[in-house]
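Shown next: my_file-v5.tsv, given as TSV, C-alpha atoms.
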chain	number	residue	atom	x	y	z
A	461	MET	CA	42.86	66.68	36.00
A	462	ASN	CA	43.35	68.72	32.87
A	463	SER	CA	46.96	69.26	31.88
A	464	LEU	CA	48.33	72.55	33.15
A	465	LYS	CA	48.45	75.22	30.48
A	466	ASN	CA	50.94	78.03	30.15
A	467	ASN	CA	50.64	80.63	32.85
A	468	LYS	CA	49.72	83.87	31.10
A	469	LEU	CA	49.04	85.98	34.22
A	470	LYS	CA	52.24	86.25	36.23
A	471	ILE	CA	51.82	89.57	38.04
A	472	ILE	CA	48.96	91.04	40.11
A	473	ASN	CA	48.92	94.72	41.01
A	474	ASP	CA	48.00	94.96	44.70
A	475	PRO	CA	47.28	98.40	46.24
A	476	VAL	CA	48.93	97.38	49.53
A	477	HIS	CA	52.11	95.53	48.50
A	478	GLY	CA	52.54	96.58	44.88
A	479	PHE	CA	53.26	93.87	42.31
A	480	ILE	CA	52.62	90.30	43.47
A	481	THR	CA	54.24	87.58	41.38
A	482	ILE	CA	52.62	84.19	40.86
A	483	PRO	CA	55.67	81.91	41.03
A	484	ASN	CA	54.56	78.87	39.04
A	485	GLU	CA	51.77	77.27	37.02
A	486	LEU	CA	50.52	75.05	39.86
A	487	ILE	CA	49.86	78.07	42.09
A	488	TYR	CA	48.29	79.90	39.16
A	489	HIS	CA	45.83	77.04	38.62
A	490	ILE	CA	45.09	76.80	42.36
A	491	ILE	CA	44.20	80.51	42.32
A	492	GLN	CA	41.97	79.91	39.30
A	493	HIS	CA	40.10	77.06	41.02
A	494	PRO	CA	36.49	77.87	42.07
A	495	TYR	CA	37.31	77.13	45.73
A	496	PHE	CA	39.83	79.97	45.75
A	497	GLN	CA	37.83	82.31	43.51
A	498	ARG	CA	34.99	82.10	46.06
A	499	LEU	CA	37.18	84.16	48.40
A	500	ARG	CA	36.53	87.17	46.15
A	501	ARG	CA	32.99	87.08	47.57
A	502	ILE	CA	33.96	86.74	51.24
A	503	SER	CA	34.43	89.98	53.15
A	504	GLN	CA	37.77	90.22	54.96
A	505	THR	CA	36.40	92.26	57.87
A	506	GLY	CA	32.75	91.27	58.20
A	507	LEU	CA	30.50	94.32	58.60
A	508	THR	CA	33.33	96.71	59.49
A	509	GLU	CA	32.37	98.74	56.41
A	510	SER	CA	29.33	99.93	58.38
A	511	VAL	CA	31.82	102.15	60.25
A	512	TYR	CA	34.78	102.32	57.85
A	513	PRO	CA	33.29	102.55	54.33
A	514	GLY	CA	36.57	101.66	52.65
A	515	ALA	CA	36.74	98.25	54.33
A	516	ARG	CA	35.26	96.34	51.39
A	517	HIS	CA	38.29	94.17	50.65
A	518	SER	CA	38.01	90.41	50.40
A	519	ARG	CA	39.73	87.25	51.64
A	520	PHE	CA	40.99	86.89	48.06
A	521	HIS	CA	43.07	90.08	48.44
A	522	HIS	CA	44.35	88.92	51.80
A	523	ALA	CA	45.38	85.43	50.65
A	524	LEU	CA	47.41	86.82	47.76
A	525	GLY	CA	49.07	89.35	50.08
A	526	CYS	CA	50.00	86.56	52.49
A	527	MET	CA	51.60	84.59	49.67
A	528	HIS	CA	53.59	87.66	48.69
A	529	LEU	CA	54.91	88.13	52.24
A	530	MET	CA	55.75	84.43	52.41
A	531	GLN	CA	57.82	84.81	49.24
A	532	LYS	CA	59.71	87.70	50.82
A	533	SER	CA	60.21	85.80	54.09
A	534	LEU	CA	61.58	82.68	52.41
A	535	ASN	CA	63.92	84.73	50.21
A	536	THR	CA	65.25	86.51	53.29
A	537	LEU	CA	65.89	83.22	55.11
A	538	LYS	CA	67.58	81.69	52.06
A	539	ARG	CA	69.92	84.69	51.86
A	540	LYS	CA	70.88	83.93	55.46
A	541	ASN	CA	71.83	80.38	54.44
A	542	VAL	CA	68.74	78.70	55.84
A	543	ASP	CA	68.25	75.44	53.94
A	544	ILE	CA	64.92	75.59	52.09
A	545	THR	CA	64.33	73.34	49.11
A	546	LEU	CA	62.22	74.34	46.12
A	547	GLU	CA	59.61	71.79	47.19
A	548	GLU	CA	59.48	73.24	50.74
A	549	GLU	CA	59.20	76.76	49.37
A	550	ASN	CA	56.32	75.76	47.14
A	551	GLY	CA	54.63	73.93	50.03
A	552	ALA	CA	54.85	76.98	52.30
A	553	LEU	CA	53.49	79.28	49.57
A	554	ILE	CA	50.50	77.02	48.96
A	555	ALA	CA	49.86	76.54	52.69
A	556	ILE	CA	49.63	80.30	53.33
A	557	LEU	CA	47.69	80.90	50.10
A	558	LEU	CA	44.98	78.46	51.21
A	559	HIS	CA	45.00	79.07	54.97
A	560	ASP	CA	41.65	80.95	54.85
A	561	LEU	CA	39.94	78.78	52.25
A	562	GLY	CA	37.39	77.60	54.83
A	563	HIS	CA	36.00	81.01	55.75
A	564	GLY	CA	32.26	81.35	55.33
A	565	PRO	CA	30.14	84.45	54.62
A	566	PHE	CA	31.39	87.60	56.36
A	567	SER	CA	34.44	85.71	57.69
A	568	HIS	CA	34.62	85.55	61.50
A	569	SER	CA	31.21	87.20	62.00
A	570	LEU	CA	29.24	84.04	61.25
A	571	GLU	CA	31.91	81.42	61.90
A	572	GLN	CA	29.95	79.67	64.66
A	573	SER	CA	26.51	80.49	63.25
A	574	ILE	CA	26.44	78.89	59.80
A	575	ILE	CA	27.73	75.52	61.04
A	576	ASN	CA	27.79	74.91	64.78
A	577	GLY	CA	31.11	73.60	66.04
A	578	SER	CA	33.08	73.95	62.79
A	579	HIS	CA	36.04	76.33	62.64
A	580	HIS	CA	37.34	77.77	59.41
A	581	GLU	CA	40.74	76.10	59.92
A	582	GLU	CA	39.11	72.66	59.89
A	583	ILE	CA	37.16	73.47	56.73
A	584	SER	CA	40.30	74.94	55.11
A	585	LEU	CA	42.08	71.65	55.74
A	586	ARG	CA	39.19	69.63	54.26
A	587	LEU	CA	39.21	71.80	51.13
A	588	MET	CA	42.99	71.58	50.82
A	589	GLU	CA	42.66	67.79	50.88
A	590	GLU	CA	40.05	67.99	48.12
A	591	LEU	CA	42.39	70.17	46.06
A	592	ASN	CA	45.25	67.76	46.74
A	593	ASN	CA	43.24	65.01	45.05
A	594	HIS	CA	42.40	67.32	42.16
A	595	PHE	CA	46.03	68.33	41.63
A	596	ASP	CA	47.51	64.80	41.76
A	597	GLN	CA	48.78	64.97	45.39
A	598	GLN	CA	50.95	68.02	44.72
A	599	LEU	CA	49.65	69.72	47.89
A	600	THR	CA	50.75	66.98	50.31
A	601	LEU	CA	53.70	68.94	51.70
A	602	ALA	CA	51.62	72.13	51.95
A	603	ILE	CA	49.08	70.25	54.08
A	604	LYS	CA	51.82	68.98	56.41
A	605	ILE	CA	53.12	72.54	56.84
A	606	PHE	CA	49.58	73.84	57.40
A	607	LYS	CA	48.95	71.19	60.09
A	608	GLY	CA	52.30	71.91	61.80
A	609	GLU	CA	53.53	68.37	61.14
A	610	TYR	CA	56.59	69.20	59.05
A	611	PRO	CA	59.98	68.90	60.84
A	612	LYS	CA	61.10	72.40	59.84
A	613	LYS	CA	58.86	74.18	62.32
A	614	PHE	CA	59.69	77.66	61.02
A	615	LEU	CA	57.72	76.97	57.82
A	616	SER	CA	54.56	76.31	59.85
A	617	GLN	CA	55.30	79.35	62.06
A	618	LEU	CA	55.36	81.57	58.97
A	619	VAL	CA	51.83	80.31	58.25
A	620	SER	CA	50.45	80.45	61.80
A	621	SER	CA	52.08	81.97	64.88
A	622	GLN	CA	52.10	85.27	66.74
A	623	LEU	CA	54.36	86.74	64.06
A	624	ASP	CA	53.24	85.15	60.80
A	625	CYS	CA	52.55	86.27	57.24
A	626	ASP	CA	48.82	86.13	57.94
A	627	ARG	CA	48.94	88.76	60.69
A	628	MET	CA	51.46	90.93	58.87
A	629	ASP	CA	49.20	91.13	55.83
A	630	TYR	CA	45.86	91.64	57.55
A	631	LEU	CA	47.20	94.41	59.81
A	632	LYS	CA	48.72	96.37	56.93
A	633	ARG	CA	45.77	95.64	54.61
A	634	ASP	CA	43.00	96.38	57.11
A	635	SER	CA	44.80	99.55	58.20
A	636	PHE	CA	45.05	100.63	54.56
A	637	TYR	CA	41.39	100.03	53.72
A	638	THR	CA	39.95	101.45	56.95
A	639	GLY	CA	42.33	104.41	57.01
A	640	VAL	CA	43.31	103.69	60.63
A	641	VAL	CA	46.97	104.68	60.47
A	642	GLU	CA	47.68	103.43	64.01
A	643	GLY	CA	47.44	99.90	62.62
A	644	ASN	CA	49.98	100.43	59.86
A	645	ILE	CA	53.09	98.26	60.11
A	646	ASN	CA	56.27	97.70	58.10
A	647	PRO	CA	56.36	94.01	57.13
A	648	GLU	CA	59.57	94.45	55.14
A	649	ARG	CA	61.47	95.56	58.23
A	650	ILE	CA	60.16	92.64	60.31
A	651	ILE	CA	60.88	90.14	57.55
A	652	SER	CA	64.42	91.47	57.14
A	653	MET	CA	65.03	90.64	60.83
A	654	MET	CA	63.82	87.04	60.54
A	655	ASN	CA	66.16	84.11	61.02
A	656	VAL	CA	66.04	80.45	62.04
A	657	SER	CA	67.55	78.79	65.10
A	658	GLY	CA	67.03	75.10	65.82
A	659	ASP	CA	64.44	74.86	63.02
A	660	GLU	CA	62.33	77.56	64.72
A	661	LEU	CA	61.60	81.09	63.59
A	662	VAL	CA	63.43	83.83	65.53
A	663	ILE	CA	63.83	87.59	65.26
A	664	GLU	CA	67.29	89.14	65.39
A	665	ALA	CA	67.73	91.38	68.43
A	666	LYS	CA	67.89	94.61	66.44
A	667	GLY	CA	64.31	93.94	65.27
A	668	ILE	CA	62.75	93.95	68.75
A	669	SER	CA	61.32	97.47	68.42
A	670	SER	CA	59.74	96.63	65.05
A	671	VAL	CA	58.06	93.57	66.54
A	672	GLU	CA	56.79	95.57	69.51
A	673	LYS	CA	55.34	98.17	67.12
A	674	PHE	CA	53.66	95.28	65.27
A	675	LEU	CA	52.10	94.06	68.54
A	676	MET	CA	50.99	97.59	69.43
A	677	ALA	CA	49.45	98.04	65.97
A	678	ARG	CA	47.52	94.80	66.41
A	679	MET	CA	46.17	96.06	69.74
A	680	PHE	CA	45.12	99.37	68.17
A	681	MET	CA	43.37	97.59	65.30
A	682	TYR	CA	41.41	95.45	67.74
A	683	THR	CA	40.34	98.41	69.87
A	684	GLN	CA	39.61	100.81	66.98
A	685	VAL	CA	38.43	98.47	64.20
A	686	TYR	CA	37.76	94.81	64.97
A	687	THR	CA	35.83	95.53	68.19
A	688	HIS	CA	34.52	99.00	67.31
A	689	LYS	CA	31.25	99.26	69.22
A	690	LYS	CA	29.07	100.09	66.19
A	691	SER	CA	30.43	97.45	63.81
A	692	PHE	CA	30.39	94.97	66.71
A	693	THR	CA	26.68	95.70	67.12
A	694	ALA	CA	26.13	95.16	63.39
A	695	GLU	CA	27.87	91.80	63.56
A	696	ASN	CA	25.87	90.78	66.64
A	697	PHE	CA	22.70	91.64	64.73
A	698	LEU	CA	23.98	89.52	61.84
A	699	ILE	CA	24.37	86.57	64.22
A	700	SER	CA	20.93	87.25	65.71
A	701	VAL	CA	19.18	87.44	62.33
A	702	LEU	CA	20.64	84.08	61.37
A	703	ARG	CA	19.54	82.60	64.72
A	704	ARG	CA	16.00	83.87	64.12
A	705	ALA	CA	15.96	82.57	60.54
A	706	LYS	CA	16.98	79.11	61.72
A	707	GLU	CA	14.33	79.19	64.42
A	708	LEU	CA	11.58	80.10	61.92
A	709	THR	CA	12.82	77.44	59.49
A	710	ARG	CA	12.59	74.81	62.26
A	711	GLU	CA	9.00	75.91	62.85
A	712	GLY	CA	8.23	75.22	59.19
A	713	LYS	CA	8.03	78.82	57.96
A	714	ASN	CA	9.17	79.20	54.35
A	715	ILE	CA	11.48	82.22	54.21
A	716	PHE	CA	13.57	83.31	51.24
A	717	ALA	CA	17.03	81.78	50.85
A	718	THR	CA	19.27	80.53	48.07
A	719	SER	CA	19.54	76.75	47.84
A	720	ALA	CA	23.00	76.70	49.45
A	721	PHE	CA	21.95	79.01	52.29
A	722	ARG	CA	18.69	77.10	52.87
A	723	TYR	CA	20.65	73.89	53.37
A	724	PHE	CA	22.39	75.43	56.40
A	725	LEU	CA	19.30	77.24	57.68
A	726	GLU	CA	17.67	73.82	57.92
A	727	GLU	CA	20.62	72.80	60.12
A	728	ASN	CA	21.51	69.76	58.06
A	729	GLU	CA	25.05	69.92	59.48
A	730	LYS	CA	24.84	69.89	63.27
A	731	GLU	CA	28.09	68.12	64.10
A	732	GLY	CA	31.06	68.59	61.82
A	733	LEU	CA	30.60	68.83	58.09
A	734	SER	CA	29.65	65.95	55.81
A	735	LYS	CA	31.06	65.51	52.31
A	736	LYS	CA	27.78	66.78	50.88
A	737	GLY	CA	27.80	69.71	53.29
A	738	LEU	CA	31.35	70.59	52.31
A	739	GLU	CA	30.40	70.73	48.63
A	740	ILE	CA	27.40	72.95	49.38
A	741	PHE	CA	29.57	75.15	51.62
A	742	THR	CA	31.81	75.95	48.63
A	743	ARG	CA	28.78	77.50	46.93
A	744	LEU	CA	28.06	79.81	49.89
A	745	ASP	CA	29.33	83.38	50.16
A	746	ASP	CA	28.36	86.88	51.33
A	747	SER	CA	25.85	87.35	48.51
A	748	ASP	CA	23.70	84.42	49.71
A	749	VAL	CA	23.33	85.93	53.17
A	750	LEU	CA	22.96	89.53	52.03
A	751	SER	CA	20.30	88.77	49.41
A	752	ALA	CA	18.31	86.83	52.02
A	753	ILE	CA	18.53	89.62	54.60
A	754	LYS	CA	17.34	92.14	51.99
A	755	GLU	CA	14.21	90.03	51.45
A	756	TRP	CA	13.71	89.31	55.15
A	757	GLN	CA	13.07	93.03	55.76
A	758	TYR	CA	9.56	92.41	54.45
A	759	GLU	CA	8.74	89.25	56.39
A	760	ASP	CA	5.73	89.18	58.74
A	761	ASP	CA	7.87	88.09	61.67
A	762	PHE	CA	8.72	91.28	63.56
A	763	ILE	CA	12.05	90.07	64.96
A	764	LEU	CA	13.39	88.86	61.60
A	765	SER	CA	12.15	91.96	59.80
A	766	LYS	CA	13.45	94.41	62.40
A	767	LEU	CA	16.92	92.86	62.58
A	768	SER	CA	17.14	92.75	58.78
A	769	LYS	CA	16.15	96.40	58.40
A	770	ASN	CA	18.64	97.43	61.06
A	771	ILE	CA	21.43	95.73	59.11
A	772	ILE	CA	20.48	96.75	55.55
A	773	GLN	CA	19.45	100.32	56.38
A	774	ARG	CA	22.17	100.70	59.05
A	775	THR	CA	19.67	101.88	61.66
A	776	LEU	CA	21.71	100.35	64.43
A	777	PRO	CA	20.93	101.10	68.09
A	778	LYS	CA	23.28	102.92	70.38
A	779	SER	CA	25.93	100.70	71.84
A	780	PHE	CA	28.36	101.06	74.71
A	781	LEU	CA	31.68	99.69	75.87
A	782	PHE	CA	31.93	99.39	79.65
A	783	ASP	CA	34.80	98.46	81.93
A	784	LYS	CA	32.36	96.60	84.19
A	785	GLU	CA	29.62	94.26	83.08
A	786	LEU	CA	25.97	95.00	83.66
A	787	SER	CA	24.23	92.79	86.18
A	788	GLU	CA	21.90	90.04	85.03
A	789	ASN	CA	19.06	91.91	86.72
A	790	ASP	CA	19.78	95.04	84.63
A	791	LEU	CA	19.69	92.95	81.45
A	792	LEU	CA	16.44	91.26	82.47
A	793	LEU	CA	14.80	94.64	83.18
A	794	GLU	CA	15.89	96.01	79.80
A	795	ARG	CA	14.71	92.90	77.97
A	796	SER	CA	11.38	93.14	79.76
A	797	ARG	CA	11.05	96.76	78.62
A	798	VAL	CA	11.81	95.86	74.99
A	799	GLU	CA	9.41	92.89	75.05
A	800	SER	CA	6.64	95.10	76.39
A	801	LYS	CA	7.32	97.94	73.94
A	802	TYR	CA	7.47	95.78	70.80
A	803	LYS	CA	5.09	93.03	72.00
A	804	ILE	CA	7.58	90.20	71.45
A	805	ASP	CA	8.37	87.13	73.53
A	806	ASP	CA	12.17	87.20	73.37
A	807	ALA	CA	14.19	90.44	73.47
A	808	SER	CA	17.55	88.64	73.64
A	809	TYR	CA	17.80	89.24	69.88
A	810	PHE	CA	18.00	92.98	70.53
A	811	VAL	CA	19.41	93.34	74.05
A	812	GLU	CA	22.80	91.78	74.48
A	813	GLN	CA	25.99	92.04	76.48
A	814	THR	CA	29.20	90.54	75.08
A	815	THR	CA	32.55	90.19	76.77
A	816	ILE	CA	35.49	91.35	74.64
A	817	LYS	CA	38.98	90.24	75.60
A	818	ILE	CA	42.10	91.42	73.81
A	819	LEU	CA	45.56	90.02	74.55
A	820	PRO	CA	48.11	91.60	72.19
A	821	TYR	CA	50.83	89.07	73.04
A	822	ASN	CA	50.67	85.68	74.77
A	823	LYS	CA	54.11	84.29	75.57
A	824	SER	CA	52.66	80.89	76.50
A	825	ASP	CA	51.27	80.37	72.99
A	826	ASN	CA	53.98	79.95	70.35
A	827	PRO	CA	56.10	82.80	71.78
A	828	ILE	CA	58.22	85.19	69.73
A	829	ASN	CA	61.88	84.35	70.29
A	830	VAL	CA	64.83	86.69	69.84
A	831	LEU	CA	68.26	85.74	68.53
A	832	PHE	CA	71.17	87.70	70.02
A	833	LYS	CA	74.61	88.17	68.48
A	834	ASN	CA	76.21	85.72	70.94
A	835	GLY	CA	73.82	83.01	69.73
A	836	ASP	CA	71.48	83.11	72.73
A	837	VAL	CA	67.77	82.74	72.02
A	838	ARG	CA	65.30	84.26	74.50
A	839	GLU	CA	61.58	84.89	74.53
A	840	ILE	CA	61.05	88.55	73.59
A	841	SER	CA	59.63	89.78	76.91
A	842	CYS	CA	62.71	88.43	78.73
A	843	SER	CA	65.01	90.76	76.82
A	844	ASP	CA	66.37	93.86	78.56
A	845	LYS	CA	65.89	95.64	75.21
A	846	SER	CA	62.15	95.05	75.37
A	847	LEU	CA	60.26	98.24	76.22
A	848	LEU	CA	56.62	97.35	75.69
A	849	THR	CA	56.20	93.59	75.66
A	850	GLN	CA	55.40	93.29	79.38
A	851	PHE	CA	52.58	95.81	78.95
A	852	LEU	CA	51.36	93.98	75.84
A	853	GLN	CA	50.85	90.78	77.84
A	854	GLN	CA	48.07	92.38	79.89
A	855	ASP	CA	44.47	91.44	79.13
A	856	ILE	CA	42.19	94.23	77.96
A	857	THR	CA	38.61	93.33	78.92
A	858	LYS	CA	35.57	95.35	77.87
A	859	TYR	CA	31.84	94.66	77.95
A	860	HIS	CA	29.87	95.55	74.84
A	861	TYR	CA	26.18	96.34	75.35
A	862	HIS	CA	23.40	97.34	72.98
A	863	SER	CA	19.61	97.63	73.09
A	864	ILE	CA	16.96	99.00	70.74

Take the structure in the file and write it out as structure tokens.
Amino acid sequence: MNSLKNNKLKIINDPVHGFITIPNELIYHIIQHPYFQRLRRISQTGLTESVYPGARHSRFHHALGCMHLMQKSLNTLKRKNVDITLEEENGALIAILLHDLGHGPFSHSLEQSIINGSHHEEISLRLMEELNNHFDQQLTLAIKIFKGEYPKKFLSQLVSSQLDCDRMDYLKRDSFYTGVVEGNINPERIISMMNVSGDELVIEAKGISSVEKFLMARMFMYTQVYTHKKSFTAENFLISVLRRAKELTREGKNIFATSAFRYFLEENEKEGLSKKGLEIFTRLDDSDVLSAIKEWQYEDDFILSKLSKNIIQRTLPKSFLFDKELSENDLLLERSRVESKYKIDDASYFVEQTTIKILPYNKSDNPINVLFKNGDVREISCSDKSLLTQFLQQDITKYHYHSI
């Protein structure tokens, strides 16, 4: 590894949080590494911009914002006499900075489509291990925190839990860029209420209402943004166009793709991700997929061409959100109609029903605990000061349907 040079860029001006400080040269050089710079070319919110034109921000923005909130969180805890060493602080900052390193093109939209069975968390960990080798094992503690294996559990909870720096940043950031004010939250207020009890993250009782507003904002962002019926249709079409492209590639048809994208269209990585596949994955971003879809508009195959035009030209079909799912017979009739109209053999690319489930708060999964003045610690929904948390534990189930 080349010797670390002086850090000349110490402050980044972020439209959401203001000035973000890069705390040391190691983190500066991690940010400069091609693995991290790739995140500039990965959309934070998939194809949400098809509905909210301002939503063009990247995973790069988000990762830096998360690091900033982690800095604030650790400073707050240290002021409350929580023992955090400089090494632990650095490990937590690197863990949150790199937590999304494994996202592929269009983030969650194609997570299970590019590589079957590989989640972005697993790929993030693999890439962190590669960086650890590059930076002379200086990321070892960060990896332990990321994996939840470090004894001070609160450090891992700040990276991944139901009230972590990740969620606090993406809610405020996505609300800002989409303009959906119902999703806006106040991370500073929540962070100021953080504390530690028994090595676990807790919220002081006077912060209950701020946490409940955070949970409500998350619910609103899911209903109004992340599962908006039109952008959800666009993302389903994105999944379908990739499915069709893989099918045609298997049949031996030569369709346009960059070398990195072609590797995955040929399904060279069916179970897990090989070392070669991991290296090729780091060369893959939104531009590979988008450039291919632009060309696929002009392919002879009707299904590939039609899906591609729908995405690029935003000629998306009407879509609906129902409280009750359509019967299988209704879907079969509609698919038969589309197959007859367009003279195709498989209308499942265009006629689809998807179940959407939203659970704003799940007390059985890393619950949010509240610290009271008498020292008692209770799960937030058990508090008599809790107004909304019981309601926020109820599943919201909708059925998304679209057809051309």

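In this comparison, which uses all atoms listed in the file, the residue of A:Arg519, A:Lys673, A:Pro483, A:Asn655 approaching Gln531 of chain A most closely is A:Pro483.
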
Near Thr742 of chain A, counting all atoms listed in the file, which residues have an atom at most 12 Å away, once you skip same-chain residues fewer than 2 positions from it, shown as an mmCIF file with C-alpha atoms, in the coordinates of the input?
data_model
loop_
_atom_site.group_PDB
_atom_site.id
_atom_site.type_symbol
_atom_site.label_atom_id
_atom_site.label_comp_id
_atom_site.auth_asym_id
_atom_site.auth_seq_id
_atom_site.Cartn_x
_atom_site.Cartn_y
_atom_site.Cartn_z
ATOM 1 C CA HIS A 493 40.100 77.060 41.020
ATOM 2 C CA PRO A 494 36.490 77.870 42.070
ATOM 3 C CA TYR A 495 37.310 77.130 45.730
ATOM 4 C CA PHE A 496 39.830 79.970 45.750
ATOM 5 C CA GLN A 497 37.830 82.310 43.510
ATOM 6 C CA ARG A 498 34.990 82.100 46.060
ATOM 7 C CA LEU A 499 37.180 84.160 48.400
ATOM 8 C CA ARG A 501 32.990 87.080 47.570
ATOM 9 C CA ILE A 502 33.960 86.740 51.240
ATOM 10 C CA LEU A 561 39.940 78.780 52.250
ATOM 11 C CA GLY A 562 37.390 77.600 54.830
ATOM 12 C CA HIS A 563 36.000 81.010 55.750
ATOM 13 C CA GLY A 564 32.260 81.350 55.330
ATOM 14 C CA PRO A 565 30.140 84.450 54.620
ATOM 15 C CA ILE A 583 37.160 73.470 56.730
ATOM 16 C CA SER A 584 40.300 74.940 55.110
ATOM 17 C CA ARG A 586 39.190 69.630 54.260
ATOM 18 C CA LEU A 587 39.210 71.800 51.130
ATOM 19 C CA GLU A 590 40.050 67.990 48.120
ATOM 20 C CA ALA A 720 23.000 76.700 49.450
ATOM 21 C CA PHE A 721 21.950 79.010 52.290
ATOM 22 C CA LEU A 733 30.600 68.830 58.090
ATOM 23 C CA LYS A 735 31.060 65.510 52.310
ATOM 24 C CA LYS A 736 27.780 66.780 50.880
ATOM 25 C CA GLY A 737 27.800 69.710 53.290
ATOM 26 C CA LEU A 738 31.350 70.590 52.310
ATOM 27 C CA GLU A 739 30.400 70.730 48.630
ATOM 28 C CA ILE A 740 27.400 72.950 49.380
ATOM 29 C CA LEU A 744 28.060 79.810 49.890
ATOM 30 C CA ASP A 745 29.330 83.380 50.160
ATOM 31 C CA ASP A 746 28.360 86.880 51.330
ATOM 32 C CA ASP A 748 23.700 84.420 49.710
#

Within 12 Å of Ile491 of chain A, counting only C-alpha atoms, which residues qualify if same-chain residues fewer than 4 places away don't, as number ranges by chain?
A: 467, 469-470, 472, 482-487, 495-500, 520-521, 523-524, 527, 553-554, 557-558, 561, 591

Written selection (C-alpha atoms) as a PDB file, in the coordinates of the input:
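This went into out18.pdb:
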ATOM      1  CA  ASN A 467      50.640  80.630  32.850  1.00  0.00           C
ATOM      2  CA  LEU A 469      49.040  85.980  34.220  1.00  0.00           C
ATOM      3  CA  LYS A 470      52.240  86.250  36.230  1.00  0.00           C
ATOM      4  CA  ILE A 472      48.960  91.040  40.110  1.00  0.00           C
ATOM      5  CA  ILE A 482      52.620  84.190  40.860  1.00  0.00           C
ATOM      6  CA  PRO A 483      55.670  81.910  41.030  1.00  0.00           C
ATOM      7  CA  ASN A 484      54.560  78.870  39.040  1.00  0.00           C
ATOM      8  CA  GLU A 485      51.770  77.270  37.020  1.00  0.00           C
ATOM      9  CA  LEU A 486      50.520  75.050  39.860  1.00  0.00           C
ATOM     10  CA  ILE A 487      49.860  78.070  42.090  1.00  0.00           C
ATOM     11  CA  TYR A 495      37.310  77.130  45.730  1.00  0.00           C
ATOM     12  CA  PHE A 496      39.830  79.970  45.750  1.00  0.00           C
ATOM     13  CA  GLN A 497      37.830  82.310  43.510  1.00  0.00           C
ATOM     14  CA  ARG A 498      34.990  82.100  46.060  1.00  0.00           C
ATOM     15  CA  LEU A 499      37.180  84.160  48.400  1.00  0.00           C
ATOM     16  CA  ARG A 500      36.530  87.170  46.150  1.00  0.00           C
ATOM     17  CA  PHE A 520      40.990  86.890  48.060  1.00  0.00           C
ATOM     18  CA  HIS A 521      43.070  90.080  48.440  1.00  0.00           C
ATOM     19  CA  ALA A 523      45.380  85.430  50.650  1.00  0.00           C
ATOM     20  CA  LEU A 524      47.410  86.820  47.760  1.00  0.00           C
ATOM     21  CA  MET A 527      51.600  84.590  49.670  1.00  0.00           C
ATOM     22  CA  LEU A 553      53.490  79.280  49.570  1.00  0.00           C
ATOM     23  CA  ILE A 554      50.500  77.020  48.960  1.00  0.00           C
ATOM     24  CA  LEU A 557      47.690  80.900  50.100  1.00  0.00           C
ATOM     25  CA  LEU A 558      44.980  78.460  51.210  1.00  0.00           C
ATOM     26  CA  LEU A 561      39.940  78.780  52.250  1.00  0.00           C
ATOM     27  CA  LEU A 591      42.390  70.170  46.060  1.00  0.00           C
TER      28      LEU A 591
END

Distance criterion (all atoms listed in the file): nearest to Leu534 of chain A out of A:Leu615, A:Arg627, A:Trp756, A:Glu609
A:Leu615

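Proximity of A:Asn696, A:Ser510, A:Ser635, A:Ser652 to Lys532 of chain A, computed with only C-alpha atoms, is greatest for A:Ser652.
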
Of the residues A:Leu819, A:Met588, A:Leu661, A:Leu623, which is the one nearest to Val837 of chain A, using all atoms listed in the file?
A:Leu661

Counting only C-alpha atoms, the residue of A:His568, A:Leu831, A:Asp560, A:Gly478 that sits nearest Ser843 of chain A
A:Leu831

Within 10 Å of (51.3, 79.2, 64.8) (file coordinates; only C-alpha atoms), which protein or nucleic acid residues are there? I'd like them as a ChimeraX atom specification.
/A:606-608,613-624,825-827
